[in-house]
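Trainee: Dropping the structure in here first, questions after.
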Amino acid sequence: MATFYNTKQIRNLALLGHGECGKTSLAEAMLYLSGKIDRRGKIADGNTVCDFDPEEQKRGISISATLAHVEWKDTKINIIDTPGDPDFVGEVGQALRVAGNAVIVVDGKAGVEVGTELAYNAACDAGVPRVFFINKCDDPEYQFAKSFYELHDKFGNTLCPVFIPCQVGKETAMIDLISGKAYTYDKDTGKRSEVEFTDDMKEMVNQYKDAFYEAIAATSDELMEKYFAGEEITREEATLALHEGIIAGSITPVYCGSATKLWGVIAMMDAVAESFPRFTARKVEKYENGDEVDIDVEGDPAIFVYKTVADPFVGQMSFFKVMSGTIKRDMTLKNTNGTVEKLAHFYVMNGKNQTEVEQLACGDIGMIAKLSATATNDTLSVGGTVEYSKIKYPTPYMTKAILPLSAKDESKMSPSIAKMLDEDKTLRYENNKETAQILISGMGETHLSVLVARLESRFGVKVVLDDPKIPYRERITKRVDVEGKHKKQTGGSGQYGHVKIRFAPAEEEGLTFTVSVVGGTVPKNFNPAVEKGLQDAMAKGALGYPLVQLAADLYDGSYHAVDSDELSFKLAAQIAYKKCLEEAAPVLLEPVGDLDITVPEALVGTVMGDLNKRRGSVMGMDHSGCRKGYTVVHAIVPKAEIMDYPIALRAMTKGFGTFDFNVTGYEVVPREITAKVAAAAKR
């Protein structure tokens, strides 16, 4: 059984950043240096602790927010390694919901990238303290000043250098500004050795110590007085000040190192244990209704499920954070849906490896398998009345039709996708009756391709993706009077139905059917058959799409006392309908909707130019209320023109743009587009 850690000893880190900046390598280094693993894996070899999923190993990227933990200086550090690919932004949101600190990893050679800014913004939105770790400082051409001031210019004056590199001949020394010590590292083992300061190192310290001490001193009046008086600020005072500054958001520490060579990782873990805030530092948690509640270490036990994984061998795995009290084995807790769940066995995780524990304290993170009716975003508590604030997921707009390859795949597809939907809340599944397609929506092409691969590897379901059809509709534009007569004589009793119908455009969505027959030329008992005949016929218009907004007035006709029946009048109505399509000038309608695009101000012109090419109409612009320096462009756009918009907008804005789209109605398709749709329909 694993060691029990109390709330004061627990730290929760989310590793964020651009793709390939070194998040997984940093987690691997922490695991190795703490003794959790005796051999470091490599991403290229597919043998790291956090990237254990077959798709992650195949693609060489992180796809899931993976939980691991290390024990360092009598502290348990829970690490959540998140994906850098924006297609898996939902995983980042899950990690930030339960993390106490966001460690934003920066590629030292590439500098501030799109993913760096997105990670910083996501952490700010989640109210999680931020820390930077500049990785890949082992490159001979790396310059700390360049990367630090780039971060400073982008993210502001709260940046505080804590652990910095300095070139000493052919070696790189790392200087800890808190302890005032310098280290070099063995090139094979990564073991660090303290070294004497050289003149170059002293010059480096002098260059950054003012920024460091100014940030530290700003956390209290006492330290500010000592700083201005030229008195020494002790290591203990600096450590505490760093802790207070991180919590308050007045300090954003910057650490440096190399995850692959283990430079700076020990210093980082020391800082986590000594200075990073524990769960209780935030003092309160939020309920789903917006109310705040004090975090109570000794209170009634409650857990929040932040992630669910559909494992084909283990079953449903529910990852949770203890939000109140301490949970113990065989305890029973109640869901808000009324289900009682027994916590028979729960575990702490290192990638896919599970270690069973008897209890977990407030603030700790673990996993429990096979809960009966508990999903992501659910809260389990003693009374079942507690509901913590839920993770908000972005709406997926990358939509494809999903097709099973065989009858066997078809029978298994829906239940298998249902399990994937429980796991991934950024997927949407729809059986579109209008287009007769089953649709799946995700955050991008990579996201959907991973879904396809996982359906096969986990559940043995083979599917392919295809382009979704646009749910066009048709509508007539003229009033016409037409006649429909069905007459059939086959010996004995025959069939006879005769109607005269006045068709016109209507306001209501479907069929508006009226009867103005006088003199009994069409008996009343045949009226429902006429109406039913028209309703069935409206499933296909002139181009094969459903006809909408049709008014039909049955005003005359005739019948035969022997041969007339309901079927005859139904068929007569459908003959009249066909004549209506020939004479009433039907037009094609397409779905249009409100498109709200949030982009950096500098890219507004690019986006508007692209909207013009997509037959979009810009309705206005305003400043984003939640993102400084961003503008929201409001437009009306046909749905057919934005099927690729998740990819196009990401390319246009380098990943900074986001959008929301909502179909609001239907409008007439331009003649040249109608011709193309008609040609495609004939094919």
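If you're wondering about the labels, chains in the structure tokens are A, B, ... by order shown, residues count from 1 in each chain, ligands from 1 in order shown.
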Pull the strand (DSSP E or B) assignments for range 434-632 of chain A out of DSSP run on the backbone, and list those residues as a count of residues only.

Mentor: 72

Trainee: Near Ser258 in chain A, counting only C-alpha atoms, which residues have an atom at most 10 Å away, once you skip same-chain residues fewer than 2 positions from it, shown as a ChimeraX atom specification?

Mentor: /A:22,25-26,29,107-108,133-139,190,256,260-265

Trainee: Give me the residues within 9 Å of Pro277 in chain A as a list in words, counting only C-alpha atoms and dropping any in the same chain fewer than 5 places off.

Mentor: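 Listing them by chain and then by number gives Arg11, Asn12, Gly100, Asn101, Pro129, His243, Glu244, Ile246, Ile247, Val272 and Arg282 of chain A.
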
Trainee: So which residues touch range 426-435 of chain A within 8 Å, counting only C-alpha atoms, skipping near sequence neighbours fewer than 6 positions away, as a ChimeraX atom specification?

Mentor: /A:90,393-396,441-443,469-471

Trainee: From the set A:Ile597, A:Val305, A:Val70, A:Val128, which residue has the shortest atom-to-atom contact distance to Phe276 in chain A, counting only C-alpha atoms?

Mentor: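 Of all the options, A:Val128 lies closest to Phe276 in chain A.
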
Trainee: Need the shell around Leu550 in chain A: protein/DNA/RNA residues with any atom at most 8 Å away, counting only C-alpha atoms. Skip same-chain ones fewer than 3 positions apart. Format as an mmCIF file with N, CA and C atoms, in the first residue's frame?

Mentor:
data_model
loop_
_atom_site.group_PDB
_atom_site.id
_atom_site.type_symbol
_atom_site.label_atom_id
_atom_site.label_comp_id
_atom_site.auth_asym_id
_atom_site.auth_seq_id
_atom_site.Cartn_x
_atom_site.Cartn_y
_atom_site.Cartn_z
ATOM 1 N N ARG A 475 -38.799 24.935 -51.452
ATOM 2 C CA ARG A 475 -40.039 25.682 -51.187
ATOM 3 C C ARG A 475 -40.562 26.222 -52.509
ATOM 4 N N ILE A 476 -41.882 26.187 -52.714
ATOM 5 C CA ILE A 476 -42.433 26.778 -53.941
ATOM 6 C C ILE A 476 -42.529 28.292 -53.771
ATOM 7 N N PHE A 503 -52.274 25.290 -54.566
ATOM 8 C CA PHE A 503 -51.035 25.309 -53.783
ATOM 9 C C PHE A 503 -50.486 26.727 -53.689
ATOM 10 N N ALA A 504 -49.857 27.040 -52.560
ATOM 11 C CA ALA A 504 -49.255 28.367 -52.368
ATOM 12 C C ALA A 504 -48.160 28.273 -51.304
ATOM 13 N N PRO A 505 -47.198 29.217 -51.305
ATOM 14 C CA PRO A 505 -46.205 29.258 -50.213
ATOM 15 C C PRO A 505 -46.908 29.548 -48.884
ATOM 16 N N ALA A 506 -46.402 28.954 -47.810
ATOM 17 C CA ALA A 506 -47.018 29.132 -46.490
ATOM 18 C C ALA A 506 -45.986 29.624 -45.484
ATOM 19 N N GLU A 508 -46.075 28.455 -42.129
ATOM 20 C CA GLU A 508 -45.772 27.328 -41.252
ATOM 21 C C GLU A 508 -44.742 26.412 -41.893
ATOM 22 N N GLU A 509 -43.962 25.711 -41.034
ATOM 23 C CA GLU A 509 -42.856 24.888 -41.510
ATOM 24 C C GLU A 509 -43.312 23.751 -42.425
ATOM 25 N N GLY A 510 -44.333 23.025 -42.041
ATOM 26 C CA GLY A 510 -44.761 21.853 -42.803
ATOM 27 C C GLY A 510 -45.916 22.147 -43.743
ATOM 28 N N LEU A 511 -46.888 21.232 -43.788
ATOM 29 C CA LEU A 511 -48.049 21.371 -44.669
ATOM 30 C C LEU A 511 -49.190 22.069 -43.938
ATOM 31 N N THR A 512 -49.733 23.107 -44.574
ATOM 32 C CA THR A 512 -50.944 23.754 -44.075
ATOM 33 C C THR A 512 -52.081 23.324 -44.992
ATOM 34 N N LEU A 547 -39.685 19.238 -49.135
ATOM 35 C CA LEU A 547 -40.381 20.494 -49.419
ATOM 36 C C LEU A 547 -41.002 21.001 -48.126
#

Trainee: Using only C-alpha atoms, find the one residue out of A:Arg627, A:Leu448, A:Tyr472, A:Ile77 that sits nearest to Ile673 in chain A.

Mentor: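 Nearest candidate to Ile673 in chain A out of A:Arg627, A:Leu448, A:Tyr472, A:Ile77: A:Tyr472.
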
Trainee: Select from range 156-386 of chain A everything DSSP, run on the backbone, classes as alpha helix (DSSP H), then give the selection as a ChimeraX atom specification.

Mentor: /A:199-217,221-228,235-248,265-275

Trainee: Identify which of the residues A:Met652, A:Ala302, A:Ala310, A:Ala539 lies closest to Arg454 in chain A, counting only C-alpha atoms when measuring atom-to-atom distances.

Mentor: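 Answer, going by the shortest atom-to-atom distance: A:Ala310.
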
Trainee: At what distance in Å, to one decimal, does CA of Tyr185 in chain A lie from CA of Asp210 in chain A?

Mentor: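 It comes out at 26.4 Å.
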
Trainee: Could you list, as a ChimeraX atom specification, every residue within 9 Å of Pro301 in chain A, counting only C-alpha atoms and ignoring same-chain residues fewer than 4 positions away?

Mentor: /A:297,322-327,333,362,380-382

Trainee: Next, write the just-selected residues to a file, as a short mmCIF file (atom, residue, chain, number, x, y, z; two decimals), in the first residue's frame, keeping C-alpha atoms as the atom set.

Mentor:
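The result, stored in out-v1.cif:
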data_model
loop_
_atom_site.label_atom_id
_atom_site.label_comp_id
_atom_site.auth_asym_id
_atom_site.auth_seq_id
_atom_site.Cartn_x
_atom_site.Cartn_y
_atom_site.Cartn_z
CA VAL A 297 -10.06 19.22 5.35
CA VAL A 322 -11.04 14.67 -3.04
CA MET A 323 -12.75 18.03 -2.48
CA SER A 324 -13.59 17.67 1.21
CA GLY A 325 -12.65 15.40 4.09
CA THR A 326 -10.81 12.10 3.70
CA ILE A 327 -12.13 9.13 1.74
CA LEU A 333 -21.04 8.10 -1.18
CA CYS A 362 -8.57 16.30 0.89
CA LEU A 380 -20.18 12.11 -4.89
CA SER A 381 -20.82 13.17 -1.30
CA VAL A 382 -22.23 11.81 1.95
#

Trainee: Could you state the separation of CA of Gly665 in chain A and CA of Gly620 in chain A in Å, given to one decimal place?

Mentor: 19.1 Å

Trainee: If you count only C-alpha atoms, which residues fall within 12 Å of Gly484 in chain A, apart from same-chain ones fewer than 2 positions away, as number ranges by chain?

Mentor: A: 481-482, 486-487, 496-502, 530, 533-534, 554, 556-558, 568-580

Trainee: Can you measure CA of His18 in chain A to CA of Gly111 in chain A for me? One decimal in Å is fine.

Mentor: 10.1 Å
